[in-house]
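Accompanying notes for the structure given below.
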Amino acid sequence: MSARRFLLLFLLLAGVRFAVVPIALSSDATAPSKHRILPGDVRRYHQVATEDGRPYRDFAFEYPPVMVAAIEAVDGGSIRSTTVRLMWSQLVVDLAIAAVVAWAWGRRAGIAYLVLGLPFLVYPFLYLRLDLLSVFLAVLAAALVRRRHPYAGGTALTVACLAKLWPLVLVPMLVVRRAWRALGAFVASFVVALTAWIAWGGIDGPVQVLTARGAKGWEFESTVGALVRSIGNSTPRLERYAWRVGEVPDWAQNLLALALLAAVALVWVLASRAKPGGPGVLDGLAPMAGITAFLVLSPLLSPQFLAWLLPFAAIAVVHRERLVAGLTFVASGLSVALLALLPELIDGGELALFVLAVRNAVLVALL
């Protein structure tokens, strides 16, 4: 792709995103009301930013410490101003992800990322969440390692893991690549950061994050949660800022954790033996498989989690993995529809439940 064509496509796709933000902000859907779906996370962010005391020690909090810093940065003193600042900041992060993908994997990959993200603009809740921050940090880490900046790459991966837990599935990539300096930088920085986190927030901090503040139920959009609801006819309840059904027994939690570890290990073993390998496998398919295993085997599956896949799907599609990218695009679109259908999904509407079943089936097929 020529530089001129790339610039024109980038500006066009970026322009669509710039247009979406003021339209969304002028809509009643983003009004600071407790009955609105879109600013739900904004209300939680503002609550945390204005809470007295220290997270983890003085009040329970479900996100790692990098998210605490991000929440403090975007808070504008009111729910409305926080909504505005959050949307514009996440637009910038979205475009930064595209720029990093284009820098490390080529212009076509950067444009592919912007195209794959189009479903999230139909109902732009993604800009009212902070998930794109962890995506940016994880992709930046992979890009730095690919561009032979191992120490910066390993450190960036630590920061990504302290924004969200899912980038941990990318750590074996450093072993498969034999990027030992990057792995050393990751281990050293992660140990230091984890020690600082515990010293600041107490040992209960990581526990609160790992257990979603001690939530007991299955999130009702997760693969297992949707089955529990359909088989047991459970009524959803709001628990720890998520709609959940049933209760996760200890044996099931342990079994899922072991299954996830086994799946991620298998992914990277297969990636190390793939012939031909190259960036299509190591930077595209393998990260996607690891992340999808995380999504399928997790007791919590929110619609915005599908954004974690997008940059790696973009890398895969430029290496002719079009089916994988197509399934990602479909799963993303169905996840957007699920949030728009959330009231019907809570009430057990047939259309909403059908969309959920299809979305989860697509994720399993993708895996």
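In the structure tokens, chains take letters A, B, ... by order of appearance, with residues numbered from 1 within each chain and ligands from 1 in the order shown.
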Can I get the residues of region 6-123 of chain A within 10 Å of region 130-143 of chain A, each with the closest pair of atoms and their distance in Å to one decimal, using only C-alpha atoms, sorted chain first then ascending number, as a Markdown table?
```
| residue | atom | partner | partner_atom | distance |
| --- | --- | --- | --- | --- |
| A:Asp41 | CA | A:Leu130 | CA | 8.9 |
| A:Val42 | CA | A:Leu130 | CA | 9.5 |
| A:Tyr45 | CA | A:Leu130 | CA | 9.6 |
| A:Val66 | CA | A:Ser134 | CA | 9.2 |
| A:Met67 | CA | A:Leu130 | CA | 7.8 |
| A:Ala70 | CA | A:Leu130 | CA | 8.0 |
| A:Ile71 | CA | A:Leu130 | CA | 8.4 |
| A:Val74 | CA | A:Leu130 | CA | 9.9 |
| A:Leu86 | CA | A:Leu130 | CA | 8.0 |
| A:Met87 | CA | A:Leu130 | CA | 9.5 |
| A:Ser89 | CA | A:Leu130 | CA | 9.4 |
| A:Gln90 | CA | A:Leu132 | CA | 6.8 |
| A:Leu91 | CA | A:Leu132 | CA | 9.1 |
| A:Val92 | CA | A:Leu132 | CA | 9.9 |
| A:Val93 | CA | A:Leu132 | CA | 6.6 |
| A:Asp94 | CA | A:Leu132 | CA | 6.6 |
| A:Leu95 | CA | A:Phe136 | CA | 9.5 |
| A:Ala96 | CA | A:Phe136 | CA | 7.3 |
| A:Ile97 | CA | A:Phe136 | CA | 5.3 |
| A:Ala98 | CA | A:Phe136 | CA | 9.0 |
| A:Ala99 | CA | A:Leu140 | CA | 10.0 |
| A:Val100 | CA | A:Leu140 | CA | 6.5 |
| A:Val101 | CA | A:Val139 | CA | 7.3 |
| A:Ala102 | CA | A:Ala143 | CA | 9.7 |
| A:Trp103 | CA | A:Ala143 | CA | 8.0 |
| A:Ala104 | CA | A:Ala143 | CA | 5.4 |
| A:Trp105 | CA | A:Ala143 | CA | 8.0 |
```
List every residue of region 154-302 of chain A that DSSP, applied to the backbone, labels as strand (DSSP E or B), and write the result as an NGL selection string. :A and (218-219 or 237-239 or 242-245)
Kindly indicate which residue among A:Leu174, A:Leu266, A:Val169, A:Leu116 lies nearest to Gly326 (chain A), using only C-alpha atoms for the distances. A:Leu116
Mind listing the alpha helix (DSSP H) residues of region 69-142 of chain A, per DSSP on the backbone, as a ChimeraX atom specification? /A:69-74,79-105,107-116,119-122,131-142
Counting only C-alpha atoms, the residue among A:Val115, A:Gly290, A:Glu62, A:Arg107 that lies closest to Leu168 (chain A) is A:Gly290
Which residues are close to Leu114 (chain A), i.e. within 9 Å by only C-alpha atoms, leaving aside same-chain residues fewer than 4 positions away? Reply as a ChimeraX atom specification. /A:10,13-14,94-95,98,109-110,118,310-311,314
Residue nearest Val122 (chain A) - candidates A:Ala337, A:Phe312, A:Val296, A:Pro39, atoms counted: only C-alpha atoms: A:Ala337
Could you please determine the separation between CA of Leu306 (chain A) and CA of Trp251 (chain A) in Å, to one decimal place? 27.0 Å
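In this structure, CA of Cys161 (chain A) sits 8.2 Å away from CA of Pro64 (chain A).
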Å distance separating CA of Phe220 (chain A) from CA of Leu261 (chain A), one decimal place: 22.8 Å
Selection near Leu351 (chain A), 12 Å with only C-alpha atoms, sequence-local residues under 4 positions removed, as an MDAnalysis selection string: chainID A and resid 334 337:338 340:347 355:358
Keeping only N, CA and C atoms, write those residues as a CSV table (one decimal), in the first residue's frame.
```
chain,number,residue,atom,x,y,z
A,334,LEU,N,-21.8,-8.8,16.9
A,334,LEU,CA,-22.8,-9.4,17.8
A,334,LEU,C,-22.7,-8.9,19.3
A,337,ALA,N,-24.3,-5.6,19.5
A,337,ALA,CA,-25.8,-5.8,19.5
A,337,ALA,C,-26.2,-6.2,20.9
A,338,LEU,N,-25.4,-7.0,21.6
A,338,LEU,CA,-25.8,-7.5,22.9
A,338,LEU,C,-25.9,-6.4,23.9
A,340,ALA,N,-26.6,-3.3,23.2
A,340,ALA,CA,-27.8,-2.5,22.8
A,340,ALA,C,-29.1,-3.2,23.2
A,341,LEU,N,-29.0,-4.6,23.3
A,341,LEU,CA,-30.1,-5.4,23.7
A,341,LEU,C,-30.1,-5.8,25.1
A,342,LEU,N,-29.3,-5.1,25.9
A,342,LEU,CA,-29.1,-5.5,27.3
A,342,LEU,C,-30.4,-5.6,28.1
A,343,PRO,N,-31.3,-4.6,28.1
A,343,PRO,CA,-32.6,-4.8,28.8
A,343,PRO,C,-33.4,-6.0,28.4
A,344,GLU,N,-33.4,-6.3,27.1
A,344,GLU,CA,-34.1,-7.5,26.7
A,344,GLU,C,-33.3,-8.8,27.1
A,345,LEU,N,-32.0,-8.7,27.1
A,345,LEU,CA,-31.2,-9.8,27.5
A,345,LEU,C,-31.5,-10.2,29.0
A,346,ILE,N,-31.6,-9.1,29.8
A,346,ILE,CA,-31.8,-9.3,31.2
A,346,ILE,C,-33.2,-10.0,31.4
A,347,ASP,N,-34.2,-9.5,30.7
A,347,ASP,CA,-35.6,-10.0,30.8
A,347,ASP,C,-35.8,-11.4,30.1
A,355,VAL,N,-29.1,-13.9,19.9
A,355,VAL,CA,-27.8,-13.2,19.6
A,355,VAL,C,-26.7,-13.7,20.5
A,356,LEU,N,-27.0,-13.8,21.8
A,356,LEU,CA,-25.9,-14.3,22.7
A,356,LEU,C,-25.4,-15.6,22.4
A,357,ALA,N,-26.3,-16.6,22.0
A,357,ALA,CA,-25.9,-17.9,21.7
A,357,ALA,C,-25.1,-18.0,20.4
A,358,VAL,N,-25.5,-17.2,19.5
A,358,VAL,CA,-24.7,-17.1,18.2
A,358,VAL,C,-23.3,-16.5,18.5
```
Can you pull out every residue within 9 Å of Thr235 (chain A), counting only C-alpha atoms, but drop anything in the same chain fewer than 5 positions away, and send it as a list in words? Arg229, Arg244, Val245, Gly246, Ile346, Asp347 and Gly348 of chain A
For the selection just defined, write its residues with N, CA, C and O atoms to a file, as a PDB file, in the first residue's frame.
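result-v5.pdb, written as the output of this step:
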```pdb
ATOM      1  N   ARG A 229     -27.684 -20.298  32.696  1.00  0.00           N
ATOM      2  CA  ARG A 229     -28.977 -19.618  32.676  1.00  0.00           C
ATOM      3  C   ARG A 229     -30.019 -20.417  31.903  1.00  0.00           C
ATOM      4  O   ARG A 229     -31.172 -20.545  32.335  1.00  0.00           O
ATOM      5  N   ARG A 244     -25.198 -11.391  36.727  1.00  0.00           N
ATOM      6  CA  ARG A 244     -24.693 -12.732  36.940  1.00  0.00           C
ATOM      7  C   ARG A 244     -25.834 -13.700  37.239  1.00  0.00           C
ATOM      8  O   ARG A 244     -26.927 -13.298  37.666  1.00  0.00           O
ATOM      9  N   VAL A 245     -25.542 -14.981  37.017  1.00  0.00           N
ATOM     10  CA  VAL A 245     -26.511 -16.037  37.309  1.00  0.00           C
ATOM     11  C   VAL A 245     -25.803 -17.151  38.073  1.00  0.00           C
ATOM     12  O   VAL A 245     -24.590 -17.349  37.939  1.00  0.00           O
ATOM     13  N   GLY A 246     -26.571 -17.886  38.860  1.00  0.00           N
ATOM     14  CA  GLY A 246     -26.022 -19.038  39.562  1.00  0.00           C
ATOM     15  C   GLY A 246     -24.868 -18.691  40.479  1.00  0.00           C
ATOM     16  O   GLY A 246     -24.725 -17.556  40.930  1.00  0.00           O
ATOM     17  N   ILE A 346     -31.562  -9.130  29.822  1.00  0.00           N
ATOM     18  CA  ILE A 346     -31.843  -9.323  31.244  1.00  0.00           C
ATOM     19  C   ILE A 346     -33.209  -9.967  31.441  1.00  0.00           C
ATOM     20  O   ILE A 346     -33.386 -10.873  32.266  1.00  0.00           O
ATOM     21  N   ASP A 347     -34.187  -9.508  30.658  1.00  0.00           N
ATOM     22  CA  ASP A 347     -35.555 -10.028  30.787  1.00  0.00           C
ATOM     23  C   ASP A 347     -35.752 -11.375  30.098  1.00  0.00           C
ATOM     24  O   ASP A 347     -36.845 -11.956  30.188  1.00  0.00           O
ATOM     25  N   GLY A 348     -34.727 -11.865  29.385  1.00  0.00           N
ATOM     26  CA  GLY A 348     -34.850 -13.161  28.730  1.00  0.00           C
ATOM     27  C   GLY A 348     -35.537 -13.109  27.383  1.00  0.00           C
ATOM     28  O   GLY A 348     -36.148 -14.110  26.967  1.00  0.00           O
TER      29      GLY A 348
END
```
Nearest to Pro150 (chain A) among A:Leu121, A:Leu260, A:Ile203, A:Ala182, with distances taken over only C-alpha atoms: which residue is it? A:Ala182
Name the residues in contact with region 25-34 of chain A at a cut-off of 6 Å, using only C-alpha atoms, excluding same-chain residues fewer than 3 positions from it; report them as a ChimeraX atom specification. /A:22,38-39,79-80
When distances are computed from only C-alpha atoms, which of A:Gly225, A:Gly184, A:Gly53, A:Pro124 shows the smallest separation from Leu301 (chain A)? A:Gly225
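The shortest atom-to-atom distance to Thr155 (chain A), with only C-alpha atoms taken into account, belongs to A:Leu183 out of A:Leu194, A:Leu183, A:Met173, A:Ala215.
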I'd like the neighbourhood of Val176 (chain A) as JSON, numbers by chain, where a residue qualifies if any of its atoms comes within 9 Å (using only C-alpha atoms), though same-chain residues fewer than 2 positions away should be ignored. {"A": [172, 173, 174, 178, 179, 268, 269, 271, 272, 282]}
Store the residues picked out above in a file with N, CA and C atoms, as a PDB file, in the first residue's frame.
```
ATOM      1  N   PRO A 172       4.177 -15.947  26.936  1.00  0.00           N
ATOM      2  CA  PRO A 172       4.905 -17.040  26.269  1.00  0.00           C
ATOM      3  C   PRO A 172       5.440 -16.669  24.889  1.00  0.00           C
ATOM      4  N   MET A 173       4.892 -15.634  24.279  1.00  0.00           N
ATOM      5  CA  MET A 173       5.406 -15.182  22.984  1.00  0.00           C
ATOM      6  C   MET A 173       6.888 -14.834  23.080  1.00  0.00           C
ATOM      7  N   LEU A 174       7.300 -14.288  24.226  1.00  0.00           N
ATOM      8  CA  LEU A 174       8.698 -13.920  24.410  1.00  0.00           C
ATOM      9  C   LEU A 174       9.586 -15.155  24.426  1.00  0.00           C
ATOM     10  N   ARG A 178      12.264 -16.420  21.600  1.00  0.00           N
ATOM     11  CA  ARG A 178      13.594 -16.419  22.219  1.00  0.00           C
ATOM     12  C   ARG A 178      14.092 -15.003  22.474  1.00  0.00           C
ATOM     13  N   ALA A 179      13.151 -14.165  22.869  1.00  0.00           N
ATOM     14  CA  ALA A 179      13.477 -12.772  23.202  1.00  0.00           C
ATOM     15  C   ALA A 179      13.814 -12.718  24.689  1.00  0.00           C
ATOM     16  N   TRP A 268       0.842 -21.820  22.401  1.00  0.00           N
ATOM     17  CA  TRP A 268       2.207 -21.378  22.115  1.00  0.00           C
ATOM     18  C   TRP A 268       3.134 -22.528  21.739  1.00  0.00           C
ATOM     19  N   VAL A 269       2.827 -23.744  22.206  1.00  0.00           N
ATOM     20  CA  VAL A 269       3.578 -24.913  21.728  1.00  0.00           C
ATOM     21  C   VAL A 269       3.313 -25.115  20.241  1.00  0.00           C
ATOM     22  N   ALA A 271       2.330 -22.835  18.164  1.00  0.00           N
ATOM     23  CA  ALA A 271       2.928 -21.705  17.448  1.00  0.00           C
ATOM     24  C   ALA A 271       4.422 -21.915  17.235  1.00  0.00           C
ATOM     25  N   SER A 272       5.095 -22.489  18.231  1.00  0.00           N
ATOM     26  CA  SER A 272       6.541 -22.710  18.116  1.00  0.00           C
ATOM     27  C   SER A 272       6.876 -23.766  17.069  1.00  0.00           C
ATOM     28  N   LEU A 282       2.984 -15.933  14.973  1.00  0.00           N
ATOM     29  CA  LEU A 282       3.463 -15.478  16.277  1.00  0.00           C
ATOM     30  C   LEU A 282       2.808 -14.177  16.731  1.00  0.00           C
TER      31      LEU A 282
END
```
